[in-house]
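File shown here: data_14.csv, holding CSV, C-alpha atoms (C1' of nucleotides).
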```
chain,number,residue,atom,x,y,z
A,12,MET,CA,0.0,0.0,0.0
A,13,ALA,CA,1.6,3.2,-1.1
A,14,GLU,CA,1.1,6.0,1.3
A,15,GLU,CA,0.5,8.9,-0.9
A,16,SER,CA,-0.5,12.3,0.4
A,17,GLN,CA,-4.1,11.4,1.1
A,18,GLY,CA,-6.2,13.0,3.8
A,19,GLU,CA,-3.8,15.9,4.5
A,20,LEU,CA,-2.6,15.1,8.0
A,21,LYS,CA,-1.2,18.1,9.8
A,22,PRO,CA,0.9,18.4,12.9
A,23,ILE,CA,-0.3,20.3,15.9
A,24,GLY,CA,1.6,23.5,15.3
A,25,VAL,CA,0.0,24.0,11.9
A,26,VAL,CA,-3.4,23.1,13.2
A,27,ALA,CA,-2.9,25.6,16.1
A,28,ARG,CA,-2.2,28.4,13.7
A,29,GLU,CA,-5.1,27.4,11.5
A,30,THR,CA,-7.6,27.4,14.3
A,31,GLY,CA,-6.2,30.2,16.4
A,32,LEU,CA,-5.8,27.9,19.3
A,33,THR,CA,-2.6,26.9,21.1
A,34,PRO,CA,-1.0,23.5,21.0
A,35,ARG,CA,-1.6,23.3,24.7
A,36,ALA,CA,-5.3,23.9,24.3
A,37,ILE,CA,-5.6,21.3,21.6
A,38,ARG,CA,-3.9,18.7,23.7
A,39,TYR,CA,-6.1,19.7,26.6
A,40,TYR,CA,-9.2,19.2,24.6
A,41,GLU,CA,-8.0,15.8,23.6
A,42,GLU,CA,-7.3,15.0,27.2
A,43,MET,CA,-10.7,16.2,28.2
A,44,GLY,CA,-12.3,14.0,25.6
A,45,LEU,CA,-13.6,16.7,23.3
A,46,LEU,CA,-11.4,15.4,20.5
A,47,ARG,CA,-10.9,11.9,19.5
A,48,PRO,CA,-7.3,10.8,20.2
A,49,ALA,CA,-5.5,12.1,17.2
A,50,VAL,CA,-3.8,9.8,14.7
A,51,ARG,CA,-0.3,8.9,15.8
A,52,VAL,CA,1.1,7.2,12.7
A,53,LYS,CA,4.5,5.8,13.9
A,54,GLY,CA,5.6,7.0,17.2
A,55,ALA,CA,4.3,10.0,19.0
A,56,ASP,CA,3.4,13.2,17.2
A,57,ARG,CA,-0.3,13.8,16.7
A,58,LEU,CA,-1.6,14.3,13.2
A,59,PHE,CA,-4.9,15.9,12.5
A,60,ASP,CA,-7.2,15.7,9.5
A,61,ALA,CA,-9.8,18.1,8.2
A,62,SER,CA,-12.5,16.8,10.4
A,63,ASP,CA,-10.4,17.3,13.5
A,64,ILE,CA,-9.8,20.9,12.4
A,65,GLN,CA,-13.4,21.4,11.7
A,66,ARG,CA,-14.2,20.2,15.1
A,67,LEU,CA,-11.6,22.4,16.7
A,68,HIS,CA,-13.2,25.4,15.0
A,69,GLU,CA,-16.5,24.4,16.4
A,70,ILE,CA,-15.2,24.1,19.9
A,71,LYS,CA,-13.6,27.5,19.6
A,72,ARG,CA,-16.8,29.1,18.5
A,73,LEU,CA,-18.9,27.4,21.1
A,74,ARG,CA,-16.5,28.6,23.8
A,75,GLU,CA,-15.7,32.1,22.6
A,76,VAL,CA,-19.1,33.1,21.2
A,77,ILE,CA,-21.5,31.4,23.4
A,78,GLY,CA,-19.3,30.8,26.3
A,79,PHE,CA,-20.1,27.2,26.9
A,80,SER,CA,-17.9,25.3,29.3
A,81,LEU,CA,-15.8,22.4,28.0
A,82,ALA,CA,-18.2,20.1,29.8
A,83,GLU,CA,-21.1,21.5,27.9
A,84,ILE,CA,-19.3,21.4,24.7
A,85,ARG,CA,-18.4,17.8,25.2
A,86,GLU,CA,-22.1,17.1,25.7
A,87,LEU,CA,-22.9,18.8,22.5
A,88,LEU,CA,-20.2,17.1,20.6
A,89,GLU,CA,-21.0,13.7,21.9
A,90,THR,CA,-24.1,14.0,19.8
A,91,ASP,CA,-21.7,14.8,17.0
A,92,ASP,CA,-19.8,11.6,17.7
A,93,LEU,CA,-22.9,9.6,17.8
A,94,ARG,CA,-23.9,11.2,14.5
A,95,ALA,CA,-20.7,10.2,12.9
A,96,GLN,CA,-21.0,6.7,14.3
A,97,LEU,CA,-24.5,6.5,13.0
A,98,ARG,CA,-23.4,7.7,9.6
A,99,ASP,CA,-20.8,5.0,9.6
A,100,GLN,CA,-23.4,2.5,10.5
A,101,PHE,CA,-25.6,4.1,8.0
A,102,ALA,CA,-23.1,3.6,5.2
A,103,ARG,CA,-22.3,0.0,6.2
A,104,THR,CA,-25.8,-1.4,6.6
A,105,SER,CA,-27.8,-2.4,3.7
A,106,ASP,CA,-31.0,-2.8,5.7
A,107,PRO,CA,-33.2,0.2,5.0
A,108,MET,CA,-34.8,-0.2,8.4
A,109,ASP,CA,-31.5,0.2,10.2
A,110,ARG,CA,-30.8,3.2,8.1
A,111,ILE,CA,-34.0,4.8,9.0
A,112,ARG,CA,-33.6,4.1,12.7
A,113,ALA,CA,-30.1,5.5,12.6
A,114,LEU,CA,-31.4,8.6,10.8
A,115,ARG,CA,-34.2,9.1,13.4
A,116,GLN,CA,-31.7,9.0,16.2
A,117,ALA,CA,-29.4,11.5,14.5
A,118,ILE,CA,-32.3,13.8,13.9
A,119,ASP,CA,-33.3,13.5,17.5
A,120,LEU,CA,-29.8,14.5,18.6
A,121,ALA,CA,-29.6,17.4,16.2
A,122,GLU,CA,-32.9,18.7,17.5
A,123,ARG,CA,-31.7,18.7,21.0
A,124,ARG,CA,-28.6,20.6,20.0
A,125,LEU,CA,-30.8,23.1,18.2
A,126,ALA,CA,-33.0,23.4,21.2
A,127,ILE,CA,-30.1,24.3,23.4
A,128,ILE,CA,-28.8,26.9,21.1
A,129,SER,CA,-32.2,28.4,20.5
A,130,ARG,CA,-32.8,28.7,24.2
A,131,LYS,CA,-29.6,30.7,24.6
A,132,LEU,CA,-30.6,32.8,21.7
A,133,ALA,CA,-34.0,33.6,23.1
A,134,GLN,CA,-32.5,34.6,26.5
A,135,ILE,CA,-30.1,37.0,24.8
A,136,GLU,CA,-32.9,38.3,22.6
A,137,THR,CA,-34.8,39.2,25.7
A,138,ILE,CA,-31.9,41.2,27.0
A,139,ARG,CA,-31.6,42.9,23.7
A,140,VAL,CA,-35.2,43.9,23.7
A,141,GLU,CA,-34.9,45.5,27.1
A,142,GLU,CA,-31.8,47.4,26.1
A,143,GLN,CA,-33.6,48.7,23.0
A,144,ALA,CA,-36.5,49.8,25.1
A,145,ARG,CA,-34.1,51.8,27.3
A,146,LEU,CA,-32.6,53.4,24.3
A,147,ALA,CA,-36.0,54.3,22.9
A,148,ARG,CA,-37.0,55.9,26.2
A,149,LEU,CA,-33.9,58.1,26.1
A,150,GLN,CA,-34.5,59.0,22.5
A,151,ALA,CA,-38.1,60.0,23.3
A,152,LEU,CA,-36.8,62.2,26.0
A,153,LEU,CA,-34.4,63.9,23.7
A,154,ALA,CA,-37.1,64.4,21.1
A,155,HIS,CA,-39.3,66.0,23.7
A,156,GLU,CA,-36.5,68.2,24.8
A,157,LEU,CA,-35.6,69.3,21.3
A,158,ASP,CA,-39.2,70.0,20.7
A,159,ARG,CA,-39.6,72.5,23.4
A,160,GLN,CA,-36.2,74.0,22.8
A,161,PRO,CA,-35.5,74.1,19.1
A,162,ASP,CA,-31.8,74.5,18.5
A,163,PRO,CA,-31.0,78.0,17.3
A,164,SER,CA,-27.6,77.2,15.9
A,165,GLY,CA,-28.1,75.8,12.5
A,166,SER,CA,-26.8,72.3,13.3
A,167,SER,CA,-29.7,69.8,13.1
A,168,ALA,CA,-29.5,66.2,14.0
A,169,ALA,CA,-31.8,63.4,13.0
A,170,VAL,CA,-33.3,61.8,16.1
A,171,SER,CA,-35.9,59.6,14.7
A,172,ALA,CA,-33.6,56.9,13.4
A,173,PRO,CA,-32.2,54.5,15.9
A,174,SER,CA,-28.7,53.3,15.2
A,175,SER,CA,-28.5,50.5,12.6
A,176,THR,CA,-27.5,47.9,15.1
A,177,THR,CA,-30.8,46.0,15.0
A,178,THR,CA,-30.0,42.4,14.4
A,179,GLY,CA,-31.9,39.2,14.5
A,180,ARG,CA,-35.5,38.5,15.2
A,181,SER,CA,-37.2,35.3,16.2
B,6,MET,CA,-39.5,57.6,64.1
B,7,ALA,CA,-41.4,55.1,62.2
B,8,GLU,CA,-39.7,52.9,59.7
B,9,GLU,CA,-41.1,54.4,56.5
B,10,SER,CA,-41.6,51.6,54.0
B,11,GLN,CA,-39.7,53.8,51.5
B,12,GLY,CA,-36.0,53.2,51.8
B,13,GLU,CA,-36.1,49.4,52.3
B,14,LEU,CA,-32.5,48.7,53.0
B,15,LYS,CA,-31.7,45.1,53.2
B,16,PRO,CA,-28.7,43.2,54.6
B,17,ILE,CA,-26.5,41.1,52.5
B,18,GLY,CA,-28.1,37.8,53.4
B,19,VAL,CA,-31.5,38.8,52.3
B,20,VAL,CA,-30.2,40.3,49.1
B,21,ALA,CA,-28.3,37.1,48.4
B,22,ARG,CA,-31.4,35.0,48.8
B,23,GLU,CA,-33.3,37.4,46.6
B,24,THR,CA,-30.8,37.5,43.8
B,25,GLY,CA,-29.7,33.9,44.0
B,26,LEU,CA,-26.1,35.0,44.5
B,27,THR,CA,-24.0,34.3,47.5
B,28,PRO,CA,-22.8,37.0,50.0
B,29,ARG,CA,-19.3,36.2,48.9
B,30,ALA,CA,-20.1,36.9,45.3
B,31,ILE,CA,-21.8,40.2,46.2
B,32,ARG,CA,-18.9,41.4,48.2
B,33,TYR,CA,-16.6,40.3,45.4
B,34,TYR,CA,-18.6,42.4,42.9
B,35,GLU,CA,-18.3,45.4,45.1
B,36,GLU,CA,-14.6,44.8,45.5
B,37,MET,CA,-14.2,44.5,41.8
B,38,GLY,CA,-16.1,47.8,41.3
B,39,LEU,CA,-19.2,46.4,39.7
B,40,LEU,CA,-21.3,47.7,42.5
B,41,ARG,CA,-21.1,51.0,44.2
B,42,PRO,CA,-19.8,50.6,47.7
B,43,ALA,CA,-23.0,49.8,49.6
B,44,VAL,CA,-24.5,52.0,52.3
B,45,ARG,CA,-22.9,51.4,55.7
B,46,VAL,CA,-25.1,53.4,58.0
B,47,LYS,CA,-23.3,53.4,61.3
B,48,GLY,CA,-20.5,50.8,61.6
B,49,ALA,CA,-20.0,48.1,59.2
B,50,ASP,CA,-22.7,45.9,57.7
B,51,ARG,CA,-23.7,46.7,54.1
B,52,LEU,CA,-27.2,47.6,53.3
B,53,PHE,CA,-28.6,47.5,49.9
B,54,ASP,CA,-31.5,49.3,48.3
B,55,ALA,CA,-33.7,48.3,45.4
B,56,SER,CA,-31.4,49.7,42.7
B,57,ASP,CA,-28.5,47.7,44.1
B,58,ILE,CA,-30.7,44.5,43.9
B,59,GLN,CA,-31.7,45.5,40.4
B,60,ARG,CA,-28.1,45.8,39.4
B,61,LEU,CA,-27.2,42.5,41.0
B,62,HIS,CA,-29.9,40.8,38.9
B,63,GLU,CA,-28.5,42.4,35.9
B,64,ILE,CA,-25.0,41.3,36.7
B,65,LYS,CA,-26.2,37.8,37.2
B,66,ARG,CA,-28.0,37.7,33.9
B,67,LEU,CA,-25.1,39.1,32.0
B,68,ARG,CA,-22.8,36.4,33.5
B,69,GLU,CA,-25.1,33.4,33.4
B,70,VAL,CA,-26.9,34.0,30.1
B,71,ILE,CA,-24.4,35.8,28.0
B,72,GLY,CA,-21.3,34.6,29.8
B,73,PHE,CA,-19.6,38.0,30.0
B,74,SER,CA,-16.6,38.3,32.3
B,75,LEU,CA,-16.9,40.6,35.2
B,76,ALA,CA,-14.6,43.0,33.4
B,77,GLU,CA,-16.9,43.1,30.4
B,78,ILE,CA,-19.9,43.6,32.7
B,79,ARG,CA,-18.1,46.4,34.5
B,80,GLU,CA,-17.7,48.1,31.2
B,81,LEU,CA,-21.3,47.7,30.4
B,82,LEU,CA,-22.4,48.9,33.8
B,83,GLU,CA,-20.0,51.9,33.7
B,84,THR,CA,-22.3,53.2,31.1
B,85,ASP,CA,-25.1,52.6,33.6
B,86,ASP,CA,-23.3,54.7,36.1
B,87,LEU,CA,-22.7,57.5,33.7
B,88,ARG,CA,-26.3,57.3,32.8
B,89,ALA,CA,-27.4,57.7,36.4
B,90,GLN,CA,-24.9,60.5,36.7
B,91,LEU,CA,-26.3,62.2,33.6
B,92,ARG,CA,-29.8,61.8,34.8
B,93,ASP,CA,-28.8,63.4,38.1
B,94,GLN,CA,-27.2,66.3,36.2
B,95,PHE,CA,-30.2,66.3,33.9
B,96,ALA,CA,-32.6,66.8,36.9
B,97,ARG,CA,-30.5,69.5,38.5
B,98,THR,CA,-29.8,71.7,35.6
B,99,SER,CA,-32.2,74.1,34.3
B,100,ASP,CA,-30.3,74.8,31.1
B,101,PRO,CA,-32.1,73.0,28.3
B,102,MET,CA,-28.8,72.9,26.3
B,103,ASP,CA,-27.2,71.0,29.1
B,104,ARG,CA,-30.1,68.6,29.3
B,105,ILE,CA,-29.9,67.9,25.6
B,106,ARG,CA,-26.2,67.3,25.7
B,107,ALA,CA,-26.6,65.0,28.7
B,108,LEU,CA,-29.3,63.1,26.8
B,109,ARG,CA,-27.2,62.8,23.7
B,110,GLN,CA,-24.4,61.3,25.7
B,111,ALA,CA,-26.7,58.8,27.4
B,112,ILE,CA,-28.1,57.8,24.1
B,113,ASP,CA,-24.6,57.2,22.8
B,114,LEU,CA,-23.8,55.0,25.7
B,115,ALA,CA,-27.1,53.0,25.3
B,116,GLU,CA,-26.4,52.5,21.7
B,117,ARG,CA,-23.0,51.1,22.4
B,118,ARG,CA,-24.5,48.7,24.9
B,119,LEU,CA,-27.1,47.6,22.4
B,120,ALA,CA,-24.4,47.1,19.8
B,121,ILE,CA,-22.5,44.8,22.0
B,122,ILE,CA,-25.5,42.7,22.8
B,123,SER,CA,-26.6,42.7,19.2
B,124,ARG,CA,-23.3,41.4,18.0
B,125,LYS,CA,-23.4,38.5,20.4
B,126,LEU,CA,-26.9,37.8,19.3
B,127,ALA,CA,-25.9,37.8,15.7
B,128,GLN,CA,-23.0,35.4,16.3
B,129,ILE,CA,-25.2,32.9,18.1
B,130,GLU,CA,-27.9,33.3,15.4
B,131,THR,CA,-25.3,32.3,12.9
B,132,ILE,CA,-24.6,29.1,14.8
B,133,ARG,CA,-28.2,28.4,15.1
B,134,VAL,CA,-28.8,28.7,11.4
B,135,GLU,CA,-26.0,26.2,10.8
B,136,GLU,CA,-27.4,23.8,13.3
B,137,GLN,CA,-30.8,24.1,11.6
B,138,ALA,CA,-29.2,23.4,8.3
B,139,ARG,CA,-27.7,20.2,9.6
B,140,LEU,CA,-31.0,19.1,11.0
B,141,ALA,CA,-32.7,19.9,7.7
B,142,ARG,CA,-30.1,17.8,5.8
B,143,LEU,CA,-30.8,14.8,8.1
B,144,GLN,CA,-34.5,15.2,7.7
B,145,ALA,CA,-34.1,15.3,4.0
B,146,LEU,CA,-32.2,12.1,4.1
B,147,LEU,CA,-34.8,10.5,6.2
B,148,ALA,CA,-37.5,11.6,3.8
B,149,HIS,CA,-35.6,10.2,0.9
B,150,GLU,CA,-35.1,6.9,2.8
B,151,LEU,CA,-38.7,6.7,3.8
B,152,ASP,CA,-39.7,7.4,0.2
B,153,ARG,CA,-37.9,4.5,-1.3
B,154,GLN,CA,-38.8,2.2,1.6
B,155,PRO,CA,-42.2,3.1,3.0
B,156,ASP,CA,-42.3,2.3,6.6
B,157,PRO,CA,-45.4,0.4,7.7
B,158,SER,CA,-45.0,1.2,11.4
B,159,GLY,CA,-45.3,4.3,13.5
B,160,SER,CA,-45.4,8.0,13.0
B,161,SER,CA,-44.5,10.0,10.0
B,162,ALA,CA,-42.8,13.3,9.9
B,163,ALA,CA,-43.8,15.9,7.4
B,164,VAL,CA,-40.5,16.9,6.0
B,165,SER,CA,-39.8,18.9,2.9
B,166,ALA,CA,-36.3,19.9,1.9
B,167,PRO,CA,-35.2,20.5,-1.7
B,168,SER,CA,-31.7,19.1,-1.3
B,169,SER,CA,-29.9,17.3,-4.0
B,170,THR,CA,-30.6,13.6,-3.8
B,171,THR,CA,-27.0,12.7,-3.8
B,172,THR,CA,-26.0,10.7,-0.8
B,173,GLY,CA,-22.6,12.3,-0.8
B,174,ARG,CA,-21.1,13.3,2.5
B,175,SER,CA,-20.5,16.8,3.6
C,6,DG,C1',24.1,10.5,10.5
C,7,DA,C1',24.0,15.0,12.5
C,8,DC,C1',21.3,18.8,13.9
C,9,DA,C1',17.9,22.3,14.7
C,10,DA,C1',13.0,22.7,14.9
C,11,DA,C1',8.9,20.7,16.3
C,12,DC,C1',6.5,17.6,19.2
C,13,DT,C1',6.0,14.6,23.4
C,14,DT,C1',4.7,13.9,28.4
C,15,DG,C1',4.8,15.4,32.9
C,16,DA,C1',4.4,18.8,36.4
C,17,DC,C1',3.8,23.1,38.3
C,18,DG,C1',2.1,28.0,37.7
C,19,DT,C1',-1.7,31.4,36.6
C,20,DG,C1',-6.0,34.3,36.3
C,21,DC,C1',-10.7,34.4,37.1
C,22,DA,C1',-14.6,33.9,40.1
C,23,DC,C1',-15.7,32.8,43.7
C,24,DG,C1',-15.8,28.9,48.2
C,25,DT,C1',-14.4,28.2,52.8
C,26,DC,C1',-12.7,28.8,57.3
C,27,DA,C1',-11.3,31.9,61.3
C,28,DA,C1',-11.5,35.6,64.4
C,29,DA,C1',-13.5,39.7,65.3
C,30,DT,C1',-17.5,43.0,65.1
C,31,DT,C1',-22.5,44.2,64.7
C,32,DC,C1',-27.5,43.5,65.0
C,33,DG,C1',-31.8,42.3,66.9
C,34,DA,C1',-34.6,40.2,70.4
C,35,DG,C1',-35.4,39.6,75.1
D,8,DC,C1',-27.0,44.0,79.0
D,9,DT,C1',-26.7,39.5,77.2
D,10,DC,C1',-26.7,36.1,73.8
D,11,DG,C1',-27.1,34.0,69.4
D,12,DA,C1',-27.4,34.9,64.6
D,13,DA,C1',-25.7,37.6,60.9
D,14,DT,C1',-21.9,40.2,59.0
D,15,DT,C1',-17.1,41.9,58.5
D,16,DT,C1',-12.4,41.6,57.0
D,17,DG,C1',-8.6,38.8,55.9
D,18,DA,C1',-6.4,34.8,54.1
D,19,DC,C1',-6.1,30.6,52.0
D,20,DG,C1',-8.4,26.9,49.0
D,21,DT,C1',-10.7,25.4,44.6
D,22,DG,C1',-12.2,24.2,39.8
D,23,DC,C1',-11.7,25.5,35.2
D,24,DA,C1',-8.9,26.4,31.2
D,25,DC,C1',-5.3,26.7,30.0
D,26,DG,C1',0.3,28.9,30.3
D,27,DT,C1',4.9,27.8,31.0
D,28,DC,C1',9.0,25.4,31.8
D,29,DA,C1',11.9,21.1,31.7
D,30,DA,C1',13.7,17.0,29.7
D,31,DG,C1',13.4,13.8,26.5
D,32,DT,C1',11.8,12.1,21.5
D,33,DT,C1',10.5,12.7,16.6
D,34,DT,C1',10.8,15.0,12.2
D,35,DG,C1',12.6,17.3,8.3
D,36,DT,C1',16.9,18.9,6.1
D,37,DC,C1',21.7,18.8,4.9
```

Written as C-alpha cells, how would this file's structure read?
Amino acid sequence: MAEESQGELKPIGVVARETGLTPRAIRYYEEMGLLRPAVRVKGADRLFDASDIQRLHEIKRLREVIGFSLAEIRELLETDDLRAQLRDQFARTSDPMDRIRALRQAIDLAERRLAIISRKLAQIETIRVEEQARLARLQALLAHELDRQPDPSGSSAAVSAPSSTTTGRS
Amino acid sequence: MAEESQGELKPIGVVARETGLTPRAIRYYEEMGLLRPAVRVKGADRLFDASDIQRLHEIKRLREVIGFSLAEIRELLETDDLRAQLRDQFARTSDPMDRIRALRQAIDLAERRLAIISRKLAQIETIRVEEQARLARLQALLAHELDRQPDPSGSSAAVSAPSSTTTGRS
DNA sequence: GACAAACTTGACGTGCACGTCAAATTCGAG
DNA sequence: CTCGAATTTGACGTGCACGTCAAGTTTGTC
C-alpha cells in the first residue's frame, strides 16, 4: 500500500495556527475527551485531519461566542460523535430499516442541539429587547427636549432613526 | 421615628437569597467595582437598596446568560453609572442645552451597549442557522429513505427539503 | 548520520470567580 | 445588658482552562 498524500494530515503546530488555538489547548481538549485521540502514525506526534480541524473550529466558537464550558461542549459534541457513528453504521448497513432508525436517532440529537442553542438565543434576545427599550426611552426624552427648545444654531440632528444595530429576530 | 416603607435597606443575606447570589459573590462584585460601595449606615454591615438589587440581577444575567466576564460587565455597567450621573445632572440643571447634551451622551452609551449585545446575538444566530441546516439535511435524508422504503409502522414526519438527492457526505 | 525545529509527556504556575474557614464585630430580640 | 445569629475583614483553598518550563523524543533537512 503506497502511502501517498491522502487525507492531508497536519501536525499540531499547523493546526494551532489554522484554528487560532494553542497546541496546549488542543492537547487539553483531547485529554478532556472533546477530541478523538488524534492519529499517531508511527511513534508519537499527533496528526490531525480536516474533520479534526473542523471540530476544533466548532469548539472554539462554542467557547468564545456562546461561552459554553468544555463540559457543555463535550455534551454537544457527543451528539456529533454519535452522529458520525450513525453515519458510519448508516453507510455500512444495507438494511433500510436500520438506516431509517439511525437517521431518526441522528435527527433527535440534532434537534436537542438546536433546542439548546435556541434557548440561549432567546434569552439574549430578551436582554436585547430590554436594552432597546431603554434606548427608545432616552430618544423619546431627547425628542421631547428638542421639541420645546428648538436648537437656534443651524446644526440639526436626525433623532428619529435608531442606530443601525438592530439584528436578528425570532 | 417610624420605619417608613420607602428606603427598604436590606442586609446582604436577604439580598443574596433574593438574587440567587452568595454573600461572597456580592462582596466580590463590590470589591471589583461592579457595585457602588453599599451603604454602611453606622458601623460596618452593608445595606442594599432596590437599585442595588436590580443591578445585581443584571450582573447575574449578563454572566449566566451571555457569559460575559466581570470585566466586560463592569464596562457595560459603567455606562449605567454614567447614565445615572447624567440623569442626576439632567434633573438638576435648568439649562435646556445641558439637558440635551446629557441626553445625547446617554443615548450614545445606550447604543454602544445595544451594539455589543446585538453582536453577540448575531453570532449565536449564525450558529443556530448552521445547526438548523444540519438538521434539515438529516431530515431530507430520512424523507428520501422513507420514500424508497415506505415504513409500515409508527409516526411519520412531514419533511420537505429540496436538497440534491446525492447521498454524498459533507 | 548530524542537527535544529517541532513535538512529546509530565508537572507546576496562573488568572478568574468565587468557596471556605477563622476571628473579630455588629445586629436584633429579650 | 446578654446572647445568638448575621456580617465583617482577611487569608487561604478550589475548579476551570489553559500557560509555562523542563527534559526527552521525533521530524525534516543537509

Counting all atoms listed in the file, the option among B:Ile129, B:Val44, B:Leu52, B:Lys65 closest to B:Ala30: B:Lys65

Atom CA of A:Ala126 to atom CA of B:Ser74, distance in Å rounded to a single decimal: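 Interatomic distance here is 24.8 Å.
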
Using all atoms listed in the file, tabulate the residues of chain A lying at most 10 Å from any atom of chain C, each with its closest atom pair and that distance in Å to one decimal, by chain and increasing residue number, as JSON lines.
```
{"residue": "A:Pro22", "atom": "CA", "partner": "C:DC12", "partner_atom": "C1'", "distance": 8.5}
{"residue": "A:Ile23", "atom": "CA", "partner": "C:DC12", "partner_atom": "C1'", "distance": 8.0}
{"residue": "A:Gly24", "atom": "CA", "partner": "C:DA11", "partner_atom": "C1'", "distance": 7.9}
{"residue": "A:Pro34", "atom": "CA", "partner": "C:DC12", "partner_atom": "C1'", "distance": 9.7}
{"residue": "A:Gly54", "atom": "CA", "partner": "C:DT13", "partner_atom": "C1'", "distance": 9.8}
{"residue": "A:Ala55", "atom": "CA", "partner": "C:DT13", "partner_atom": "C1'", "distance": 6.6}
{"residue": "A:Asp56", "atom": "CA", "partner": "C:DC12", "partner_atom": "C1'", "distance": 5.7}
{"residue": "A:Arg57", "atom": "CA", "partner": "C:DC12", "partner_atom": "C1'", "distance": 8.2}
```

For the residues selected in the previous step, produce a file with C-alpha atoms as a PDB file, in the coordinates of the input.
```
ATOM      1  CA  PRO A  22       0.900  18.400  12.900  1.00  0.00           C
ATOM      2  CA  ILE A  23      -0.300  20.300  15.900  1.00  0.00           C
ATOM      3  CA  GLY A  24       1.600  23.500  15.300  1.00  0.00           C
ATOM      4  CA  PRO A  34      -1.000  23.500  21.000  1.00  0.00           C
ATOM      5  CA  GLY A  54       5.600   7.000  17.200  1.00  0.00           C
ATOM      6  CA  ALA A  55       4.300  10.000  19.000  1.00  0.00           C
ATOM      7  CA  ASP A  56       3.400  13.200  17.200  1.00  0.00           C
ATOM      8  CA  ARG A  57      -0.300  13.800  16.700  1.00  0.00           C
TER       9      ARG A  57
END
```

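Going from atom CA of B:Phe73 to atom CA of A:Arg74 covers 11.7 Å.
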
Atomic distance atom CA of B:His149 - atom CA of B:Arg133, expressed in Å with one decimal: 24.2 Å

Please produce stretch 59-76 of chain A, completed to N, CA and C atoms, as a JSON list (two decimals), in the coordinates of the input.
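To be explicit, this is the file written out as out_14.json:
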```
[["chain", "number", "residue", "atom", "x", "y", "z"],
["A", 59, "PHE", "N", -3.49, 15.62, 12.58],
["A", 59, "PHE", "CA", -4.90, 15.90, 12.50],
["A", 59, "PHE", "C", -5.39, 16.02, 11.08],
["A", 60, "ASP", "N", -6.60, 15.55, 10.86],
["A", 60, "ASP", "CA", -7.20, 15.70, 9.50],
["A", 60, "ASP", "C", -8.21, 16.79, 9.49],
["A", 61, "ALA", "N", -8.83, 16.95, 8.35],
["A", 61, "ALA", "CA", -9.80, 18.10, 8.20],
["A", 61, "ALA", "C", -10.90, 18.04, 9.17],
["A", 62, "SER", "N", -11.39, 16.87, 9.47],
["A", 62, "SER", "CA", -12.50, 16.80, 10.40],
["A", 62, "SER", "C", -12.13, 17.20, 11.80],
["A", 63, "ASP", "N", -10.90, 16.90, 12.16],
["A", 63, "ASP", "CA", -10.40, 17.30, 13.50],
["A", 63, "ASP", "C", -10.38, 18.87, 13.51],
["A", 64, "ILE", "N", -9.88, 19.45, 12.45],
["A", 64, "ILE", "CA", -9.80, 20.90, 12.40],
["A", 64, "ILE", "C", -11.15, 21.55, 12.43],
["A", 65, "GLN", "N", -12.04, 20.94, 11.68],
["A", 65, "GLN", "CA", -13.40, 21.40, 11.70],
["A", 65, "GLN", "C", -13.98, 21.40, 13.11],
["A", 66, "ARG", "N", -13.72, 20.32, 13.79],
["A", 66, "ARG", "CA", -14.20, 20.20, 15.10],
["A", 66, "ARG", "C", -13.60, 21.20, 16.08],
["A", 67, "LEU", "N", -12.32, 21.45, 15.89],
["A", 67, "LEU", "CA", -11.60, 22.40, 16.70],
["A", 67, "LEU", "C", -12.23, 23.83, 16.51],
["A", 68, "HIS", "N", -12.53, 24.13, 15.28],
["A", 68, "HIS", "CA", -13.20, 25.40, 15.00],
["A", 68, "HIS", "C", -14.52, 25.50, 15.71],
["A", 69, "GLU", "N", -15.23, 24.41, 15.68],
["A", 69, "GLU", "CA", -16.50, 24.40, 16.40],
["A", 69, "GLU", "C", -16.36, 24.62, 17.86],
["A", 70, "ILE", "N", -15.41, 23.92, 18.43],
["A", 70, "ILE", "CA", -15.20, 24.10, 19.90],
["A", 70, "ILE", "C", -14.84, 25.51, 20.19],
["A", 71, "LYS", "N", -13.99, 26.09, 19.38],
["A", 71, "LYS", "CA", -13.60, 27.50, 19.60],
["A", 71, "LYS", "C", -14.79, 28.41, 19.60],
["A", 72, "ARG", "N", -15.61, 28.21, 18.61],
["A", 72, "ARG", "CA", -16.80, 29.10, 18.50],
["A", 72, "ARG", "C", -17.72, 28.92, 19.70],
["A", 73, "LEU", "N", -17.97, 27.68, 20.04],
["A", 73, "LEU", "CA", -18.90, 27.40, 21.10],
["A", 73, "LEU", "C", -18.37, 28.03, 22.44],
["A", 74, "ARG", "N", -17.05, 28.04, 22.59],
["A", 74, "ARG", "CA", -16.50, 28.60, 23.80],
["A", 74, "ARG", "C", -16.48, 30.15, 23.72],
["A", 75, "GLU", "N", -15.94, 30.68, 22.66],
["A", 75, "GLU", "CA", -15.70, 32.10, 22.60],
["A", 75, "GLU", "C", -17.01, 32.89, 22.35],
["A", 76, "VAL", "N", -17.85, 32.36, 21.50],
["A", 76, "VAL", "CA", -19.10, 33.10, 21.20],
["A", 76, "VAL", "C", -20.16, 32.88, 22.20]]
```
